[in-house]
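Below: query20.tsv (TSV, C-alpha atoms)
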chain	number	residue	atom	x	y	z
N	1	MET	CA	-49.52	17.96	36.25
N	2	ASN	CA	-46.02	18.96	35.29
N	3	ARG	CA	-45.93	19.85	31.60
N	4	MET	CA	-42.53	20.26	30.11
N	5	THR	CA	-41.91	23.32	27.99
N	6	THR	CA	-38.76	25.13	27.06
N	7	ALA	CA	-39.32	27.50	29.99
N	8	THR	CA	-39.85	24.75	32.59
N	9	ALA	CA	-37.07	22.43	31.45
N	10	PRO	CA	-33.81	24.33	31.90
N	11	HIS	CA	-31.92	21.10	32.62
N	12	LEU	CA	-32.26	19.96	29.00
N	13	PRO	CA	-29.32	21.06	26.87
N	14	ALA	CA	-30.23	23.22	23.93
N	15	PRO	CA	-29.91	21.31	20.67
N	16	ARG	CA	-28.52	22.83	17.54
N	17	PRO	CA	-31.18	24.53	15.46
N	18	ALA	CA	-32.80	22.40	12.80
N	19	PRO	CA	-31.07	22.71	9.44
N	20	ALA	CA	-32.89	24.70	6.78
N	21	TRP	CA	-33.46	21.60	4.64
N	22	ALA	CA	-35.22	19.86	7.57
N	23	ARG	CA	-37.48	22.88	8.16
N	24	ARG	CA	-38.37	23.03	4.46
N	25	THR	CA	-39.00	19.28	4.42
N	26	ALA	CA	-41.32	19.48	7.45
N	27	HIS	CA	-43.31	22.21	5.71
N	28	ALA	CA	-43.39	20.15	2.50
N	29	ILE	CA	-45.02	17.27	4.39
N	30	ALA	CA	-47.86	19.57	5.42
N	31	LEU	CA	-48.27	20.68	1.81
N	32	CYS	CA	-48.25	17.09	0.51
N	33	ALA	CA	-51.45	16.34	2.43
N	34	LEU	CA	-53.32	19.36	1.10
N	35	PRO	CA	-54.32	18.19	-2.44
N	36	SER	CA	-55.88	14.92	-1.22
N	37	GLY	CA	-57.72	16.76	1.54
N	38	LEU	CA	-59.16	19.23	-0.95
N	39	TRP	CA	-60.13	16.35	-3.26
N	40	ARG	CA	-61.98	14.64	-0.38
N	41	ILE	CA	-63.75	17.88	0.56
N	42	ALA	CA	-64.82	18.28	-3.09
N	43	LEU	CA	-66.11	14.70	-3.05
N	44	ALA	CA	-68.11	15.32	0.13
N	45	SER	CA	-69.45	18.62	-1.25
N	46	GLY	CA	-70.96	16.92	-4.25
N	47	VAL	CA	-68.44	18.12	-6.82
N	48	HIS	CA	-68.14	15.58	-9.61
N	49	VAL	CA	-64.71	14.02	-9.12
N	50	GLY	CA	-65.21	11.09	-11.47
N	51	TYR	CA	-67.44	8.78	-9.45
N	52	THR	CA	-70.92	8.00	-10.68
N	53	ASP	CA	-73.86	8.90	-8.48
N	54	ARG	CA	-74.47	5.19	-7.89
N	55	VAL	CA	-70.91	4.59	-6.67
N	56	LEU	CA	-71.09	7.63	-4.39
N	57	ARG	CA	-74.41	6.48	-2.95
N	58	ASP	CA	-73.74	2.73	-2.69
N	59	GLY	CA	-69.98	2.65	-2.19
N	60	PHE	CA	-69.33	5.77	-0.15
N	61	ASP	CA	-72.78	6.54	1.33
N	62	ILE	CA	-72.69	10.09	-0.07
N	63	PRO	CA	-74.98	11.84	0.63
N	64	GLY	CA	-75.20	10.37	4.11
N	65	TRP	CA	-72.71	9.28	6.74
N	66	GLY	CA	-70.03	8.97	4.07
N	67	ILE	CA	-69.70	12.75	4.10
N	68	ALA	CA	-68.70	12.68	7.78
N	69	TYR	CA	-66.19	9.92	7.05
N	70	VAL	CA	-64.60	11.69	4.09
N	71	VAL	CA	-64.47	15.09	5.81
N	72	GLY	CA	-63.25	13.40	9.01
N	73	LEU	CA	-60.33	11.88	7.10
N	74	SER	CA	-59.31	15.33	5.91
N	75	VAL	CA	-59.76	16.85	9.36
N	76	LEU	CA	-57.50	14.17	10.89
N	77	THR	CA	-54.96	14.13	8.07
N	78	GLU	CA	-54.15	17.83	8.04
N	79	PRO	CA	-53.17	18.16	11.74
N	80	ALA	CA	-51.21	14.91	11.48
N	81	ALA	CA	-49.33	16.40	8.54
N	82	LEU	CA	-48.30	19.28	10.82
N	83	PHE	CA	-46.65	16.90	13.34
N	84	PRO	CA	-43.21	17.08	11.65
N	85	LEU	CA	-43.12	20.80	12.43
N	86	LEU	CA	-42.65	19.79	16.09
N	87	LEU	CA	-39.42	18.12	15.08
N	88	VAL	CA	-37.88	21.27	13.65
N	89	THR	CA	-38.96	23.83	16.24
N	90	ASP	CA	-37.21	24.47	19.53
N	91	ARG	CA	-39.79	26.93	20.84
N	92	TRP	CA	-42.24	24.35	22.15
N	93	ARG	CA	-41.47	20.84	23.37
N	94	PRO	CA	-44.61	18.88	24.25
N	95	LEU	CA	-42.52	15.77	24.96
N	96	ARG	CA	-38.97	15.07	25.95
N	97	PRO	CA	-36.76	14.89	22.84
N	98	ARG	CA	-36.11	11.16	23.30
N	99	ALA	CA	-39.87	10.41	23.50
N	100	LEU	CA	-40.59	12.65	20.52
N	101	THR	CA	-37.87	10.89	18.53
N	102	ALA	CA	-39.33	7.46	19.37
N	103	LEU	CA	-42.80	8.64	18.39
N	104	SER	CA	-41.39	10.06	15.14
N	105	TRP	CA	-39.63	6.82	14.19
N	106	THR	CA	-42.87	4.95	14.90
N	107	ALA	CA	-44.81	7.40	12.72
N	108	SER	CA	-42.24	7.01	9.92
N	109	GLY	CA	-42.58	3.23	10.02
N	110	ALA	CA	-46.36	3.42	10.04
N	111	LEU	CA	-46.33	5.81	7.09
N	112	ILE	CA	-44.16	3.40	5.10
N	113	VAL	CA	-46.58	0.53	5.79
N	114	VAL	CA	-49.61	2.68	4.88
N	115	ALA	CA	-47.96	3.86	1.65
N	116	LEU	CA	-47.19	0.29	0.61
N	117	TRP	CA	-50.76	-0.75	1.42
N	118	GLN	CA	-52.16	2.15	-0.61
N	119	LEU	CA	-50.08	1.04	-3.59
N	120	VAL	CA	-51.68	-2.40	-3.33
N	121	VAL	CA	-55.16	-0.84	-3.09
N	122	ALA	CA	-54.49	1.57	-5.97
N	123	PHE	CA	-53.65	-1.26	-8.33
N	124	THR	CA	-56.50	-3.60	-7.55
N	125	ALA	CA	-59.06	-4.01	-10.31
N	126	GLU	CA	-61.99	-2.92	-8.13
N	127	SER	CA	-60.31	0.34	-7.10
N	128	ARG	CA	-59.61	1.35	-10.70
N	129	THR	CA	-63.09	0.57	-12.03
N	130	TYR	CA	-64.93	2.92	-9.64
N	131	LEU	CA	-63.79	6.03	-11.49
N	132	ALA	CA	-65.69	6.93	-14.64
N	133	ASP	CA	-62.96	8.03	-17.07
N	134	GLY	CA	-59.26	8.66	-17.56
N	135	THR	CA	-59.47	12.35	-16.64
N	136	ALA	CA	-61.04	11.60	-13.26
N	137	GLN	CA	-58.39	8.96	-12.62
N	138	ALA	CA	-55.64	11.43	-13.52
N	139	VAL	CA	-57.06	14.10	-11.20
N	140	ARG	CA	-57.34	11.61	-8.34
N	141	ALA	CA	-53.81	10.35	-8.98
N	142	ALA	CA	-52.48	13.92	-8.99
N	143	ALA	CA	-54.26	14.67	-5.72
N	144	PHE	CA	-52.96	11.58	-3.93
N	145	ALA	CA	-49.48	11.23	-5.51
N	146	PRO	CA	-47.80	13.71	-3.13
N	147	LEU	CA	-48.76	11.49	-0.19
N	148	PHE	CA	-46.33	8.85	-1.42
N	149	ALA	CA	-43.44	11.25	-0.74
N	150	VAL	CA	-44.46	11.69	2.91
N	151	PRO	CA	-42.80	8.52	4.33
N	152	ALA	CA	-39.39	9.43	2.90
N	153	LEU	CA	-39.74	13.08	3.92
N	154	MET	CA	-40.86	12.11	7.44
N	155	THR	CA	-37.95	9.72	7.80
N	156	ALA	CA	-35.50	12.47	6.79
N	157	VAL	CA	-36.97	14.97	9.29
N	158	THR	CA	-36.97	12.31	12.02
N	159	TRP	CA	-33.35	11.42	11.29
N	160	SER	CA	-32.39	15.10	11.51
N	161	HIS	CA	-34.23	15.51	14.82
N	162	ALA	CA	-32.69	12.37	16.31
N	163	ARG	CA	-29.21	13.40	15.20
N	164	ARG	CA	-29.53	16.93	16.65
N	165	HIS	CA	-30.84	15.71	19.99
N	166	ARG	CA	-28.36	12.86	20.25
N	167	ALA	CA	-25.55	15.39	19.83
N	168	ALA	CA	-27.09	17.66	22.48
N	169	ARG	CA	-27.41	14.86	25.05
N	170	PRO	CA	-24.72	14.92	27.74
N	171	ARG	CA	-22.35	11.97	27.67
N	172	ALA	CA	-22.51	9.70	30.71
With the file now loaded, output its structure as structure tokens.
Amino acid sequence: MNRMTTATAPHLPAPRPAPAWARRTAHAIALCALPSGLWRIALASGVHVGYTDRVLRDGFDIPGWGIAYVVGLSVLTEPAALFPLLLVTDRWRPLRPRALTALSWTASGALIVVALWQLVVAFTAESRTYLADGTAQAVRAAAFAPLFAVPALMTAVTWSHARRHRAARPRA
């Protein structure tokens, strides 16, 4: 199997380095996912995060398989939040720049759809009545609010990556 890395792909022109704002933005995406992941881990660990014991047991199956689901979401979310770092590094290229750009645009679009769906879910009556009081709702909102910045941040990093690699591509 022929894996492409910077060392094995000398025919690819070197793109300009990622601008500082794009590198900072890619790191910010990883940090945006952290509060919600910690909130989920607290939920799975039995820390009172505003849900009643009945809601945890009946709605989330905690304790039980719900713990695996909640922890699994965090385990999947954190590495996915690191994906934008691939767009700002030139040390390691797991995919050709054109394929990585296409994947990035697809991820940006999916993130926009997911964010819009989460807004719908957040404002349904059932979703708001699960939490016990205003403090718990405020903590949950603070933990998940940074995720709503991710689609715009991802789109900006993707745009920067596409622009840099389009400029580096030889003209035919």
**Asked** When distances are computed from only C-alpha atoms, which of N:Ala136, N:Leu73, N:Ala68, N:Ala162 shows the smallest separation from Ser104 (chain N)?
**Response**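 Of the candidates, the smallest distance to Ser104 (chain N) is held by N:Ala162.
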Give one line per residue of region 44-125 of chain N that approaches region 26-32 of chain N to at most 10 Å, naming the two atoms of the closest pair and their distance in Å to one decimal, counting all atoms listed in the file; sort by chain then ascending residue number and deliver it as CSV.
residue,atom,partner,partner_atom,distance
N:Thr77,CA,N:Ala30,CA,9.3
N:Glu78,CA,N:Ala30,CA,7.0
N:Pro79,CA,N:Ala30,CA,8.4
N:Ala80,CA,N:Ala30,CA,8.3
N:Ala81,CA,N:Ala30,CA,4.7
N:Leu82,CA,N:Ala30,CA,5.4
N:Phe83,CA,N:Ala26,CA,8.4
N:Pro84,CA,N:Ala26,CA,5.2
N:Leu85,CA,N:Ala26,CA,5.5
N:Leu86,CA,N:Ala26,CA,8.7
N:Leu87,CA,N:Ala26,CA,8.0
N:Val88,CA,N:Ala26,CA,7.3
**Radius query 12 Å about (-34.4, 11.9, 8.1), atoms used: all atoms listed in the file, as a VMD selection string** = chain N and resid 18 to 19 21 to 23 25 to 26 84 87 to 88 101 104 to 105 108 150 to 164
**Item:** Interatomic distance (Å, one decimal) between CA of Val113 (chain N) and CA of Val70 (chain N)
**Value:**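 Calculated distance between CA of Val113 (chain N) and CA of Val70 (chain N) is 21.3 Å.
Minimum atom-to-atom distances from N:Leu147, N:Val71, N:Ala102, N:Ala110 to Leu43 (chain N) were compared using all atoms listed in the file, and the lowest value belongs to N:Val71.
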**Prompt:** So how far away is CA of Leu103 (chain N) from CA of Ser36 (chain N), in Å?
**Reply:**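 CA of Leu103 (chain N) lies at a distance of 24.4 Å from CA of Ser36 (chain N).
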